[in-house]
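Below is target_35.cif, holding mmCIF, C-alpha atoms.
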data_structure
loop_
_atom_site.label_atom_id
_atom_site.label_comp_id
_atom_site.auth_asym_id
_atom_site.auth_seq_id
_atom_site.Cartn_x
_atom_site.Cartn_y
_atom_site.Cartn_z
CA MET C 20 -103.68 12.20 -108.77
CA ALA C 21 -106.93 13.66 -107.46
CA THR C 22 -106.94 16.80 -105.37
CA TYR C 23 -108.65 16.82 -101.99
CA GLU C 24 -111.69 18.60 -103.42
CA GLU C 25 -111.95 16.16 -106.34
CA ILE C 26 -112.31 13.23 -103.96
CA PHE C 27 -115.84 14.32 -103.04
CA GLU C 28 -116.81 14.63 -106.70
CA ASN C 29 -115.35 11.18 -107.28
CA ASN C 30 -117.47 9.92 -104.42
CA LYS C 31 -120.65 11.25 -106.02
CA GLN C 32 -119.74 9.58 -109.29
CA TRP C 33 -119.06 6.31 -107.49
CA VAL C 34 -122.46 6.50 -105.74
CA ALA C 35 -124.15 7.11 -109.07
CA SER C 36 -122.36 4.17 -110.71
CA MET C 37 -123.26 1.79 -107.89
CA THR C 38 -126.93 2.78 -107.73
CA LYS C 39 -127.25 2.67 -111.51
CA GLY C 40 -126.62 -1.05 -111.48
CA ASP C 41 -128.50 -1.67 -108.23
CA PRO C 42 -130.82 1.07 -106.88
CA ASP C 43 -130.92 -0.70 -103.49
CA PHE C 44 -127.14 -1.06 -103.22
CA PHE C 45 -126.65 1.26 -100.25
CA GLU C 46 -129.77 0.05 -98.48
CA LYS C 47 -128.29 -3.44 -98.60
CA LEU C 48 -124.85 -2.14 -97.60
CA ALA C 49 -126.28 -0.46 -94.50
CA ARG C 50 -127.57 -3.76 -93.14
CA ASP C 51 -125.46 -5.85 -90.74
CA GLN C 52 -122.30 -7.15 -92.37
CA SER C 53 -121.73 -10.89 -92.69
CA PRO C 54 -118.46 -11.34 -94.61
CA ASP C 55 -116.94 -14.78 -95.07
CA TYR C 56 -113.42 -13.36 -95.28
CA LEU C 57 -111.07 -11.54 -92.93
CA TYR C 58 -108.20 -9.99 -94.89
CA ILE C 59 -105.06 -8.90 -93.05
CA GLY C 60 -102.80 -7.03 -95.43
CA CYS C 61 -100.18 -4.34 -95.80
CA SER C 62 -101.01 -0.63 -95.56
CA ASP C 63 -99.36 -0.07 -98.94
CA SER C 64 -101.68 2.10 -101.05
CA ARG C 65 -101.06 -0.05 -104.14
CA VAL C 66 -102.78 -3.11 -102.68
CA PRO C 67 -106.55 -2.47 -102.24
CA ALA C 68 -108.09 -5.44 -100.46
CA ASN C 69 -111.53 -6.17 -101.91
CA GLU C 70 -110.56 -4.94 -105.40
CA ILE C 71 -107.75 -7.47 -105.88
CA MET C 72 -110.09 -10.19 -104.58
CA GLY C 73 -112.87 -9.18 -106.96
CA LEU C 74 -115.27 -8.69 -104.04
CA GLU C 75 -117.81 -5.97 -103.36
CA PRO C 76 -118.01 -3.72 -100.27
CA GLY C 77 -119.40 -5.74 -97.37
CA GLU C 78 -117.90 -9.05 -98.52
CA VAL C 79 -114.53 -8.80 -96.79
CA PHE C 80 -113.54 -7.56 -93.31
CA VAL C 81 -110.21 -5.76 -93.56
CA HIS C 82 -107.26 -4.97 -91.31
CA ARG C 83 -104.07 -3.41 -92.65
CA ASN C 84 -100.76 -2.40 -91.14
CA VAL C 85 -97.14 -2.00 -92.23
CA ALA C 86 -95.94 -5.35 -93.65
CA ASN C 87 -99.12 -7.24 -92.66
CA LEU C 88 -97.90 -8.24 -89.20
CA VAL C 89 -99.87 -10.22 -86.61
CA ASN C 90 -98.26 -9.38 -83.29
CA ASN C 91 -99.91 -10.84 -80.19
CA THR C 92 -99.22 -7.62 -78.26
CA ASP C 93 -100.92 -5.49 -80.92
CA LEU C 94 -104.37 -4.84 -79.46
CA ASN C 95 -105.61 -3.57 -82.81
CA VAL C 96 -105.02 -6.71 -84.86
CA MET C 97 -105.98 -9.01 -81.97
CA SER C 98 -109.30 -7.14 -81.60
CA VAL C 99 -109.97 -7.45 -85.32
CA ILE C 100 -109.31 -11.20 -85.29
CA ASN C 101 -111.47 -11.77 -82.22
CA TYR C 102 -114.35 -9.71 -83.61
CA ALA C 103 -114.16 -11.35 -87.01
CA VAL C 104 -114.08 -14.88 -85.58
CA ARG C 105 -116.39 -14.63 -82.58
CA HIS C 106 -118.97 -12.16 -83.86
CA LEU C 107 -118.82 -12.12 -87.67
CA HIS C 108 -118.07 -15.86 -87.88
CA VAL C 109 -115.76 -15.52 -90.85
CA LYS C 110 -114.95 -18.76 -92.66
CA HIS C 111 -111.51 -17.75 -93.97
CA ILE C 112 -108.70 -15.58 -92.63
CA ILE C 113 -106.17 -14.39 -95.20
CA VAL C 114 -102.76 -12.87 -94.57
CA CYS C 115 -101.77 -11.13 -97.78
CA GLY C 116 -98.30 -9.73 -98.30
CA HIS C 117 -96.93 -8.27 -101.51
CA TYR C 118 -93.64 -8.31 -103.37
CA ASN C 119 -91.73 -5.01 -103.24
CA CYS C 120 -92.94 -4.44 -99.68
CA GLY C 121 -91.22 -1.41 -98.15
CA GLY C 122 -91.57 -2.74 -94.61
CA VAL C 123 -89.86 -6.01 -95.45
CA LYS C 124 -87.16 -4.17 -97.36
CA ALA C 125 -86.52 -1.88 -94.38
CA ALA C 126 -86.24 -4.89 -92.08
CA MET C 127 -83.54 -6.33 -94.36
CA THR C 128 -81.51 -3.14 -94.01
CA PRO C 129 -79.10 -3.16 -91.04
CA LYS C 130 -79.71 0.39 -89.87
CA ASP C 131 -81.46 2.24 -87.08
CA MET C 132 -85.01 3.00 -88.27
CA GLY C 133 -85.99 4.99 -85.17
CA LEU C 134 -89.62 4.52 -84.10
CA LEU C 135 -90.01 1.71 -86.65
CA ASN C 136 -87.43 -0.49 -84.90
CA PRO C 137 -89.84 -2.35 -82.56
CA TRP C 138 -92.29 -2.97 -85.40
CA LEU C 139 -89.66 -4.10 -87.91
CA ARG C 140 -88.09 -6.41 -85.35
CA ASN C 141 -91.00 -8.79 -85.96
CA ILE C 142 -89.85 -9.16 -89.57
CA ARG C 143 -86.21 -9.37 -88.55
CA ASP C 144 -87.21 -12.23 -86.26
CA VAL C 145 -88.64 -14.00 -89.31
CA TYR C 146 -85.31 -13.41 -91.06
CA ARG C 147 -83.49 -14.91 -88.05
CA LEU C 148 -85.75 -17.98 -87.96
CA HIS C 149 -85.08 -18.67 -91.65
CA HIS C 150 -81.54 -17.31 -91.80
CA GLU C 151 -79.90 -20.30 -93.45
CA GLU C 152 -82.51 -20.61 -96.19
CA LEU C 153 -82.36 -16.90 -96.98
CA LEU C 154 -78.56 -16.71 -97.02
CA ALA C 155 -78.49 -19.58 -99.51
CA ILE C 156 -80.35 -17.37 -102.00
CA GLU C 157 -77.60 -15.45 -103.80
CA ASN C 158 -79.84 -13.10 -105.76
CA GLU C 159 -80.80 -10.23 -103.47
CA HIS C 160 -84.16 -9.60 -105.16
CA GLU C 161 -85.12 -13.27 -104.92
CA ARG C 162 -84.07 -13.29 -101.26
CA TYR C 163 -86.28 -10.24 -100.71
CA ASP C 164 -89.25 -11.97 -102.36
CA ARG C 165 -88.69 -15.09 -100.30
CA LEU C 166 -88.67 -13.11 -97.06
CA VAL C 167 -92.01 -11.58 -98.10
CA GLU C 168 -93.40 -15.12 -98.43
CA LEU C 169 -91.87 -16.38 -95.19
CA ASN C 170 -93.22 -13.34 -93.35
CA VAL C 171 -96.73 -14.16 -94.57
CA ARG C 172 -96.35 -17.77 -93.41
CA GLU C 173 -95.16 -16.71 -89.95
CA GLN C 174 -97.98 -14.20 -89.52
CA ALA C 175 -100.52 -16.84 -90.58
CA THR C 176 -99.03 -19.14 -87.94
CA ASN C 177 -99.41 -16.37 -85.37
CA ILE C 178 -103.13 -16.26 -86.18
CA ILE C 179 -103.43 -20.02 -85.72
CA LYS C 180 -101.90 -19.62 -82.24
CA THR C 181 -104.83 -17.48 -81.06
CA ALA C 182 -107.54 -18.88 -78.79
CA ALA C 183 -110.34 -17.43 -80.91
CA VAL C 184 -109.25 -19.28 -84.04
CA GLN C 185 -108.42 -22.57 -82.30
CA LYS C 186 -111.69 -22.75 -80.40
CA SER C 187 -113.86 -21.72 -83.33
CA TYR C 188 -112.22 -24.33 -85.55
CA VAL C 189 -112.76 -27.08 -82.96
CA HIS C 190 -116.43 -26.16 -82.47
CA ASN C 191 -117.39 -25.00 -85.97
CA GLY C 192 -114.83 -26.30 -88.45
CA TYR C 193 -113.82 -22.74 -89.39
CA PRO C 194 -112.06 -20.38 -89.92
CA VAL C 195 -109.27 -21.72 -92.10
CA VAL C 196 -106.15 -19.55 -92.34
CA HIS C 197 -104.49 -18.83 -95.70
CA GLY C 198 -101.35 -17.04 -96.87
CA TRP C 199 -101.21 -15.05 -100.10
CA VAL C 200 -98.75 -12.76 -101.86
CA PHE C 201 -99.82 -10.08 -104.35
CA ASP C 202 -97.51 -9.38 -107.28
CA LEU C 203 -97.55 -5.68 -108.08
CA HIS C 204 -96.03 -6.28 -111.53
CA THR C 205 -98.77 -8.64 -112.71
CA GLY C 206 -101.72 -8.06 -110.38
CA ILE C 207 -101.83 -11.81 -109.69
CA LEU C 208 -102.46 -13.29 -106.25
CA LYS C 209 -100.19 -16.20 -105.30
CA ASP C 210 -101.60 -18.76 -102.88
CA LEU C 211 -98.76 -20.05 -100.68
CA ASN C 212 -100.88 -23.14 -99.94
CA ILE C 213 -100.37 -23.01 -96.21
CA ASN C 214 -101.28 -26.37 -94.66
CA PHE C 215 -103.60 -25.01 -91.98
CA THR C 216 -104.52 -28.33 -90.33
CA LYS C 217 -100.88 -29.48 -90.16
CA ILE C 218 -99.70 -26.21 -88.64
CA LEU C 219 -102.55 -26.33 -86.13
CA LYS C 220 -101.65 -29.88 -85.15
CA ASP C 221 -97.91 -29.11 -84.93
CA ILE C 222 -98.26 -26.08 -82.66
CA GLN C 223 -100.93 -27.35 -80.31
CA GLU C 224 -98.48 -29.06 -77.96
CA ILE C 225 -97.37 -25.60 -76.89
CA TYR C 226 -100.10 -23.24 -78.07
CA ASP C 227 -103.21 -25.38 -77.45
CA LEU C 228 -105.84 -23.02 -76.01
CA THR C 229 -108.91 -25.12 -76.81
CA THR C 230 -109.22 -26.52 -73.28
CA LEU C 231 -109.58 -23.12 -71.63
CA PRO C 232 -113.09 -21.86 -70.73
CA SER C 233 -114.66 -19.81 -73.50
CA GLU C 234 -117.89 -18.38 -74.80
CA TYR C 235 -118.59 -21.75 -76.42
CA ASP C 236 -118.75 -23.35 -72.97
CA GLU C 237 -121.16 -20.64 -71.84
CA GLU C 238 -123.44 -21.42 -74.78
CA LYS C 239 -123.66 -25.07 -73.67
CA SER C 240 -124.57 -24.23 -70.06
#

Let me see whether you can do it: turn the structure in this file into structure tokens.
Amino acid sequence: MATYEEIFENNKQWVASMTKGDPDFFEKLARDQSPDYLYIGCSDSRVPANEIMGLEPGEVFVHRNVANLVNNTDLNVMSVINYAVRHLHVKHIIVCGHYNCGGVKAAMTPKDMGLLNPWLRNIRDVYRLHHEELLAIENEHERYDRLVELNVREQATNIIKTAAVQKSYVHNGYPVVHGWVFDLHTGILKDLNINFTKILKDIQEIYDLTTLPSEYDEEKS
């Protein structure tokens, strides 16, 4: 593992490697970003966003937190989604969890986690919503993996509930929301094949925000 001082030497080597292949790399990077992807993932250090997607810097807008949660009272993640949709005009929003997630594991443990309790309750709520399915899985590791997947699905649904996503999709046909899981043992991304249009249709009876005034209405006036 690199020491603090070595990080700066590593940075110089990285700069040299990037400019060797493209002398104008950083000039291009400094221009306004226009990524097609918003990636919402876990803070786990083993899951680097653009690397596992095979994308270069500037191609993916990234937000990370413990267990890749999308909580409507979290101003941070809500700001990221709004900025990505309304200003960067991303075409895809990805919630990416990973197997062996410490946050999900902690939420499965019936113990007081102190300051983490309010955060982990969001995952425990997912466990409650899918309690019967999860209890039917006898193997504890498989149950753990399944909760990781279900958590991704629920967080993707939370994104679809937002006004920014609903209104942009109605007016522009994007973004589409996806759910992925990264396997640390293989490095492979698993697409959970979330049916975005069906979920959007199913939730709109309660969460339909497309009729409220928005910036799209201002553009028409």

Distance query Val189 in chain C at most 12 Å, only C-alpha atoms, self and fewer than 4 positions along chain excluded, as a tab-separated table (two decimals) with C-alpha atoms, in the frame of the given file:
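Below is the file that was written, part.tsv:
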chain	number	residue	atom	x	y	z
C	182	ALA	CA	-107.54	-18.88	-78.79
C	183	ALA	CA	-110.34	-17.43	-80.91
C	184	VAL	CA	-109.25	-19.28	-84.04
C	185	GLN	CA	-108.42	-22.57	-82.30
C	193	TYR	CA	-113.82	-22.74	-89.39
C	194	PRO	CA	-112.06	-20.38	-89.92
C	195	VAL	CA	-109.27	-21.72	-92.10
C	216	THR	CA	-104.52	-28.33	-90.33
C	219	LEU	CA	-102.55	-26.33	-86.13
C	220	LYS	CA	-101.65	-29.88	-85.15
C	227	ASP	CA	-103.21	-25.38	-77.45
C	228	LEU	CA	-105.84	-23.02	-76.01
C	229	THR	CA	-108.91	-25.12	-76.81
C	230	THR	CA	-109.22	-26.52	-73.28
C	235	TYR	CA	-118.59	-21.75	-76.42

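Nearest residue to Thr181 in chain C, choosing from C:Val123, C:Val89, C:Ile213, C:Met132 and counting all atoms listed in the file: C:Val89.
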
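When the distance limit is 10 Å and all atoms listed in the file are what count, the residues near Leu211 in chain C, minus those fewer than 6 positions from it on the same chain, are Cys115, Glu168, Leu169, Val171, Arg172, His197, Gly198, Trp199 and Val200 of chain C.
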
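The space separating CA of Arg165 in chain C from CA of Phe80 in chain C comes to 26.9 Å.
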
Checklist entry - Which one of C:Lys180, C:His150, C:His190, C:His204 sits closest to Asn119 in chain C if you count only C-alpha atoms? => result C:His204

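Interatomic distance, CA of Leu88 in chain C against CA of Cys120 in chain C: 12.2 Å.
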
I would like the residues chosen by the PyMOL selection byres ((chain C and resi 68) around 12) on the shown file; could you give them as a CSV table (one decimal) with C-alpha atoms, in the coordinates of the input?
chain,number,residue,atom,x,y,z
C,56,TYR,CA,-113.4,-13.4,-95.3
C,57,LEU,CA,-111.1,-11.5,-92.9
C,58,TYR,CA,-108.2,-10.0,-94.9
C,59,ILE,CA,-105.1,-8.9,-93.0
C,60,GLY,CA,-102.8,-7.0,-95.4
C,61,CYS,CA,-100.2,-4.3,-95.8
C,62,SER,CA,-101.0,-0.6,-95.6
C,63,ASP,CA,-99.4,-0.1,-98.9
C,64,SER,CA,-101.7,2.1,-101.0
C,65,ARG,CA,-101.1,0.0,-104.1
C,66,VAL,CA,-102.8,-3.1,-102.7
C,67,PRO,CA,-106.6,-2.5,-102.2
C,69,ASN,CA,-111.5,-6.2,-101.9
C,70,GLU,CA,-110.6,-4.9,-105.4
C,71,ILE,CA,-107.8,-7.5,-105.9
C,72,MET,CA,-110.1,-10.2,-104.6
C,73,GLY,CA,-112.9,-9.2,-107.0
C,74,LEU,CA,-115.3,-8.7,-104.0
C,75,GLU,CA,-117.8,-6.0,-103.4
C,76,PRO,CA,-118.0,-3.7,-100.3
C,77,GLY,CA,-119.4,-5.7,-97.4
C,78,GLU,CA,-117.9,-9.0,-98.5
C,79,VAL,CA,-114.5,-8.8,-96.8
C,80,PHE,CA,-113.5,-7.6,-93.3
C,81,VAL,CA,-110.2,-5.8,-93.6
C,82,HIS,CA,-107.3,-5.0,-91.3
C,83,ARG,CA,-104.1,-3.4,-92.6
C,113,ILE,CA,-106.2,-14.4,-95.2
C,114,VAL,CA,-102.8,-12.9,-94.6
C,115,CYS,CA,-101.8,-11.1,-97.8
C,116,GLY,CA,-98.3,-9.7,-98.3
C,117,HIS,CA,-96.9,-8.3,-101.5
C,199,TRP,CA,-101.2,-15.0,-100.1
C,200,VAL,CA,-98.8,-12.8,-101.9
C,201,PHE,CA,-99.8,-10.1,-104.4
C,208,LEU,CA,-102.5,-13.3,-106.2
